[in-house]
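Right, one structure below, let's go through it.
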Amino acid sequence: MAIAIRPLHPVIAGEVSGVDLTKPLAREDVAAIEAGMDRYAVLVFHDQPFNDEQQMDFAKNFGTPEVPKGASVTKPEDYRLKTGLADVSNLDKDGAPRALDDRQRLFGLGNCLWHSDSSFRPIPAKYSMLSARTLNTKGGNTEFADMRAAYDDLDDELKDEIRDMVCEHSLMYSRGALGFLDYSEEEKAMFKPVLQSLVRRHPVTNRTSLYLSSHAGGIVGMTVPDARVLLRDLNEHATQAKYVYVHKWKLHDLVMWDNRQTMHRVRRYDESQPRDMRRATIAGDAPTVAQQAAE
């Protein structure tokens, strides 16, 4: 059975059928998925009951997996997962839902803000692949916004204004917006701001997109208030309903997205129930700005 992709939204997201991702993929299947990503930016695969090894094997078809280290305030001895997958759950190392005042839980609430995975790294992420292992019954949809269509609809004057802008990204900016301000000196060094272009061009399709994220807290050469007003305006524009696909999770869904062309956020859910979501992330190829490449 050949891979088929059905559009889920006018500008973003496709539903894929005809492939079992838990098994090794043929070269033509990998190529079809990559072509689907270039077109839709978000792909939804149902009924993919992964274990961790299978999910990592699938991810490696598309590049080098990113190491999760440096993306949280969890200490290594408290990691729940030891497989190279990012833990996007509400569970502690013993598998129980975290307390409401748990520091890692509070830090993780930043995922409820619009963001692009790993834009806080000098080389930001390419693809993310999120597997639903345990779901609860209330809330927890994930929303994806198409940064290509959002850029296309900007007026020419604004496109000219922002074309060469460079932003500063840090996890401390996104978490600070929620009032999470308490960091050790080691964490401050780990979350030091990095530079990212505000406008990107896709290396395959050559399509231009905004590169926004709640991690962006400043623009080089602008005052902080001016930068944040502009970034807020762009975020409000880019997350209008006409650009957003809402994914309602089913058990064993695998959703794959291109961080270079999208933003996403999770919606609130009942945290008294376990929610086990595991993400493989494929590293990008290069920094987005020349200044960073030279460092």
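Scheme for the structure tokens: letters A, B, ... for chains in order shown; per-chain residue numbers from 1; ligand numbers from 1 in order shown.
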
For this session: Just the residues within 6 Å of Gly14 (chain A), please, counting only C-alpha atoms, with nothing from its chain fewer than 2 positions along; format it as a ChimeraX atom specification.
Result: /A:5-8,40,43

Store the residues of this selection in a file with N, CA and C atoms, as a PDB file, in the first residue's frame.
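Wrote result_19.pdb, looks like this:
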ATOM      1  N   ILE A   5      -1.499  11.106   1.461  1.00  0.00           N
ATOM      2  CA  ILE A   5      -1.603  12.220   2.403  1.00  0.00           C
ATOM      3  C   ILE A   5      -2.869  13.009   2.091  1.00  0.00           C
ATOM      4  N   ARG A   6      -3.698  13.185   3.114  1.00  0.00           N
ATOM      5  CA  ARG A   6      -4.950  13.925   2.979  1.00  0.00           C
ATOM      6  C   ARG A   6      -4.829  15.255   3.712  1.00  0.00           C
ATOM      7  N   PRO A   7      -5.104  16.393   3.051  1.00  0.00           N
ATOM      8  CA  PRO A   7      -5.013  17.694   3.737  1.00  0.00           C
ATOM      9  C   PRO A   7      -5.984  17.768   4.916  1.00  0.00           C
ATOM     10  N   LEU A   8      -5.515  18.389   6.004  1.00  0.00           N
ATOM     11  CA  LEU A   8      -6.341  18.552   7.198  1.00  0.00           C
ATOM     12  C   LEU A   8      -6.762  19.998   7.425  1.00  0.00           C
ATOM     13  N   TYR A  40       3.285  20.221   3.587  1.00  0.00           N
ATOM     14  CA  TYR A  40       2.295  20.455   4.639  1.00  0.00           C
ATOM     15  C   TYR A  40       2.881  21.004   5.935  1.00  0.00           C
ATOM     16  N   LEU A  43       2.683  16.612   9.684  1.00  0.00           N
ATOM     17  CA  LEU A  43       2.086  15.357   9.239  1.00  0.00           C
ATOM     18  C   LEU A  43       1.581  14.567  10.448  1.00  0.00           C
TER      19      LEU A  43
END

Do you have, as CSV, the list of residues of region 229-287 of chain A lying at most 12 Å from region 122-131 of chain A, each with its nearest atom pair and that distance in Å to one decimal, counting only C-alpha atoms and ordered by chain then number?
residue,atom,partner,partner_atom,distance
A:His247,CA,A:Leu130,CA,11.8
A:Trp249,CA,A:Ser131,CA,9.7
A:Lys250,CA,A:Ser131,CA,10.0
A:Leu251,CA,A:Ser131,CA,8.7
A:His252,CA,A:Ser131,CA,6.4
A:Asp253,CA,A:Ser131,CA,5.9
A:Leu254,CA,A:Ser131,CA,4.6
A:Val255,CA,A:Leu130,CA,5.3
A:Met256,CA,A:Met129,CA,4.3
A:Trp257,CA,A:Ser128,CA,5.5
A:Asp258,CA,A:Tyr127,CA,4.6
A:Asn259,CA,A:Lys126,CA,5.5
A:Arg260,CA,A:Lys126,CA,6.2
A:Gln261,CA,A:Lys126,CA,9.2
A:Thr262,CA,A:Tyr127,CA,10.2
A:Met263,CA,A:Ser128,CA,11.3
A:His264,CA,A:Ser128,CA,10.9
A:Val266,CA,A:Leu130,CA,11.8
A:Arg275,CA,A:Ser131,CA,11.1
A:Asp276,CA,A:Ser131,CA,8.5
A:Met277,CA,A:Ser131,CA,5.6
A:Arg278,CA,A:Ser131,CA,5.3
A:Arg279,CA,A:Leu130,CA,4.3
A:Ala280,CA,A:Met129,CA,5.2
A:Thr281,CA,A:Ser128,CA,4.4
A:Ile282,CA,A:Tyr127,CA,5.1
A:Ala283,CA,A:Ala125,CA,4.5
A:Gly284,CA,A:Lys126,CA,4.6
A:Asp285,CA,A:Ile123,CA,7.0
A:Ala286,CA,A:Ile123,CA,5.5
A:Pro287,CA,A:Ile123,CA,4.6

For this session: Determine, counting only C-alpha atoms, which protein, DNA and RNA residues have an atom within 12 Å of an atom of Ala189 (chain A); residues of the same chain fewer than 4 positions away are not included. Present the result as number ranges by chain.
Result: A: 70, 170-172, 183-185, 193-194

Export of prior selection with C-alpha atoms as a short mmCIF file (atom, residue, chain, number, x, y, z; two decimals), in the first residue's frame:
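Output contents, as saved in part-v7.cif:
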data_model
loop_
_atom_site.label_atom_id
_atom_site.label_comp_id
_atom_site.auth_asym_id
_atom_site.auth_seq_id
_atom_site.Cartn_x
_atom_site.Cartn_y
_atom_site.Cartn_z
CA GLY A 70 20.13 21.83 27.95
CA SER A 170 16.43 32.05 25.25
CA LEU A 171 14.35 29.73 27.41
CA MET A 172 14.62 32.43 30.07
CA TYR A 183 17.74 30.19 37.93
CA SER A 184 21.05 28.93 39.19
CA GLU A 185 24.22 30.41 37.71
CA PRO A 193 20.60 33.97 24.51
CA VAL A 194 21.42 32.93 20.95
#

Exercise. In Å, with one decimal, what is the gap from CA of Lys138 (chain A) to CA of Glu271 (chain A)?
Worked result: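 Those two atoms sit 9.1 Å apart.
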
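Using only C-alpha atoms, the smallest distance between any of A:Lys93, A:Lys248, A:Lys192, A:Arg175 and Phe107 (chain A) comes from A:Arg175.
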
For this session: Give the alpha helix (DSSP H) residues of region 89-267 of chain A, as assigned by DSSP on the backbone, as a ChimeraX atom specification.
Result: /A:103-108,147-152,156-162,171-176,185-190,224-238

Selected residues, N, CA and C atoms, written as a compact mmCIF listing (two decimals), in the first residue's frame, please.
# COMPACT_ATOMS: atom_id res chain seq x y z
N ARG A 103 9.09 22.15 40.35
CA ARG A 103 9.84 23.14 39.57
C ARG A 103 9.89 22.79 38.09
N GLN A 104 10.11 21.53 37.77
CA GLN A 104 10.14 21.12 36.36
C GLN A 104 8.77 21.29 35.71
N ARG A 105 7.71 21.00 36.44
CA ARG A 105 6.37 21.22 35.89
C ARG A 105 6.15 22.70 35.56
N LEU A 106 6.52 23.58 36.48
CA LEU A 106 6.34 25.02 36.25
C LEU A 106 7.16 25.49 35.05
N PHE A 107 8.38 24.99 34.94
CA PHE A 107 9.23 25.32 33.79
C PHE A 107 8.59 24.81 32.50
N GLY A 108 8.04 23.61 32.54
CA GLY A 108 7.44 23.01 31.36
C GLY A 108 6.17 23.68 30.89
N MET A 147 3.94 29.38 9.55
CA MET A 147 4.70 30.61 9.45
C MET A 147 4.94 31.03 8.00
N ARG A 148 4.73 30.13 7.05
CA ARG A 148 4.87 30.46 5.63
C ARG A 148 3.69 31.30 5.17
N ALA A 149 2.50 30.80 5.44
CA ALA A 149 1.30 31.52 5.03
C ALA A 149 1.22 32.87 5.76
N ALA A 150 1.65 32.88 7.03
CA ALA A 150 1.63 34.13 7.78
C ALA A 150 2.57 35.16 7.15
N TYR A 151 3.74 34.72 6.73
CA TYR A 151 4.67 35.64 6.05
C TYR A 151 4.08 36.13 4.73
N ASP A 152 3.51 35.22 3.96
CA ASP A 152 2.96 35.59 2.65
C ASP A 152 1.96 36.73 2.77
N ASP A 156 4.04 44.39 1.88
CA ASP A 156 5.42 44.49 1.38
C ASP A 156 6.28 45.41 2.23
N GLU A 157 5.70 46.47 2.78
CA GLU A 157 6.48 47.40 3.61
C GLU A 157 7.00 46.70 4.86
N LEU A 158 6.15 45.90 5.49
CA LEU A 158 6.59 45.19 6.70
C LEU A 158 7.60 44.10 6.35
N LYS A 159 7.41 43.42 5.23
CA LYS A 159 8.39 42.44 4.80
C LYS A 159 9.76 43.07 4.63
N ASP A 160 9.80 44.25 4.02
CA ASP A 160 11.07 44.95 3.85
C ASP A 160 11.68 45.34 5.19
N GLU A 161 10.83 45.75 6.13
CA GLU A 161 11.31 46.19 7.44
C GLU A 161 11.97 45.06 8.22
N ILE A 162 11.40 43.87 8.16
CA ILE A 162 11.87 42.77 9.02
C ILE A 162 12.84 41.82 8.34
N LEU A 171 15.41 30.30 26.59
CA LEU A 171 14.35 29.73 27.41
C LEU A 171 13.99 30.66 28.56
N MET A 172 14.92 31.50 28.97
CA MET A 172 14.62 32.43 30.07
C MET A 172 13.59 33.48 29.64
N TYR A 173 13.52 33.81 28.34
CA TYR A 173 12.51 34.75 27.87
C TYR A 173 11.12 34.14 27.93
N SER A 174 10.97 32.92 27.39
CA SER A 174 9.64 32.30 27.38
C SER A 174 9.17 32.00 28.79
N ARG A 175 10.05 31.44 29.62
CA ARG A 175 9.65 31.13 30.99
C ARG A 175 9.45 32.40 31.82
N GLY A 176 10.22 33.43 31.53
CA GLY A 176 10.04 34.70 32.23
C GLY A 176 8.68 35.32 31.98
N GLU A 185 23.23 29.84 38.63
CA GLU A 185 24.22 30.41 37.71
C GLU A 185 24.51 29.44 36.56
N GLU A 186 24.53 28.16 36.86
CA GLU A 186 24.74 27.15 35.82
C GLU A 186 23.62 27.18 34.78
N GLU A 187 22.38 27.33 35.24
CA GLU A 187 21.25 27.40 34.32
C GLU A 187 21.28 28.67 33.49
N LYS A 188 21.66 29.78 34.09
CA LYS A 188 21.77 31.03 33.34
C LYS A 188 22.78 30.91 32.22
N ALA A 189 23.89 30.25 32.49
CA ALA A 189 24.91 30.05 31.45
C ALA A 189 24.38 29.12 30.36
N MET A 190 23.66 28.08 30.76
CA MET A 190 23.12 27.11 29.80
C MET A 190 22.07 27.74 28.90
N VAL A 224 14.40 47.05 23.86
CA VAL A 224 13.61 45.88 24.23
C VAL A 224 12.11 46.15 24.10
N PRO A 225 11.58 47.30 24.58
CA PRO A 225 10.14 47.53 24.40
C PRO A 225 9.72 47.57 22.93
N ASP A 226 10.51 48.23 22.08
CA ASP A 226 10.17 48.28 20.66
C ASP A 226 10.17 46.88 20.05
N ALA A 227 11.20 46.10 20.40
CA ALA A 227 11.31 44.75 19.86
C ALA A 227 10.13 43.89 20.29
N ARG A 228 9.75 43.99 21.54
CA ARG A 228 8.68 43.11 22.03
C ARG A 228 7.31 43.52 21.50
N VAL A 229 7.12 44.80 21.24
CA VAL A 229 5.87 45.22 20.60
C VAL A 229 5.80 44.65 19.19
N LEU A 230 6.89 44.75 18.43
CA LEU A 230 6.90 44.20 17.08
C LEU A 230 6.70 42.69 17.10
N LEU A 231 7.41 41.99 17.98
CA LEU A 231 7.28 40.54 18.06
C LEU A 231 5.86 40.14 18.47
N ARG A 232 5.25 40.91 19.37
CA ARG A 232 3.88 40.59 19.77
C ARG A 232 2.93 40.77 18.59
N ASP A 233 3.12 41.86 17.83
CA ASP A 233 2.27 42.09 16.66
C ASP A 233 2.41 40.94 15.66
N LEU A 234 3.65 40.51 15.41
CA LEU A 234 3.87 39.43 14.45
C LEU A 234 3.28 38.11 14.95
N ASN A 235 3.42 37.85 16.25
CA ASN A 235 2.84 36.63 16.81
C ASN A 235 1.32 36.64 16.73
N GLU A 236 0.71 37.78 17.00
CA GLU A 236 -0.75 37.86 16.91
C GLU A 236 -1.20 37.62 15.47
N HIS A 237 -0.47 38.19 14.52
CA HIS A 237 -0.80 37.98 13.12
C HIS A 237 -0.65 36.51 12.73
N ALA A 238 0.46 35.90 13.14
CA ALA A 238 0.82 34.56 12.67
C ALA A 238 0.00 33.45 13.30

For this session: Could you check which of A:Ala13, A:Gly139, A:Val67, A:Ala86 is closest to Arg268 (chain A), using only C-alpha atoms?
Result: A:Gly139

Ile33 (chain A): which residues within 9 Å, counting only C-alpha atoms, same-chain residues fewer than 5 positions away excluded, as a PDB file with N, CA and C atoms, in the first residue's frame?
ATOM      1  N   ILE A   3       2.011   5.245   0.330  1.00  0.00           N
ATOM      2  CA  ILE A   3       1.707   6.354   1.222  1.00  0.00           C
ATOM      3  C   ILE A   3       0.753   7.327   0.529  1.00  0.00           C
ATOM      4  N   VAL A  16      -1.435  11.150   7.118  1.00  0.00           N
ATOM      5  CA  VAL A  16      -0.739  10.159   6.314  1.00  0.00           C
ATOM      6  C   VAL A  16      -1.315   8.776   6.573  1.00  0.00           C
ATOM      7  N   GLU A  28      11.797   4.920  -0.652  1.00  0.00           N
ATOM      8  CA  GLU A  28      10.745   5.715  -1.288  1.00  0.00           C
ATOM      9  C   GLU A  28       9.728   6.226  -0.265  1.00  0.00           C
ATOM     10  N   ASP A  38       7.642  18.978   3.327  1.00  0.00           N
ATOM     11  CA  ASP A  38       7.905  20.209   2.586  1.00  0.00           C
ATOM     12  C   ASP A  38       6.606  20.897   2.174  1.00  0.00           C
ATOM     13  N   LEU A  43       2.683  16.612   9.684  1.00  0.00           N
ATOM     14  CA  LEU A  43       2.086  15.357   9.239  1.00  0.00           C
ATOM     15  C   LEU A  43       1.581  14.567  10.448  1.00  0.00           C
TER      16      LEU A  43
END

Problem set entry | Which of region 119-293 of chain A DSSP labels strand (DSSP E or B), written as a ChimeraX atom specification | /A:125-134,139,142-146,166-169,194-197,199-201,208-210,216-219,244-247,254-258,262-266,269,276-283

Exercise. Which one is closest to Glu53 (chain A): A:His202, A:Lys82, A:Lys75, A:Arg27? Count only C-alpha atoms.
Worked result: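 Result for the nearest residue to Glu53 (chain A): A:Lys82.
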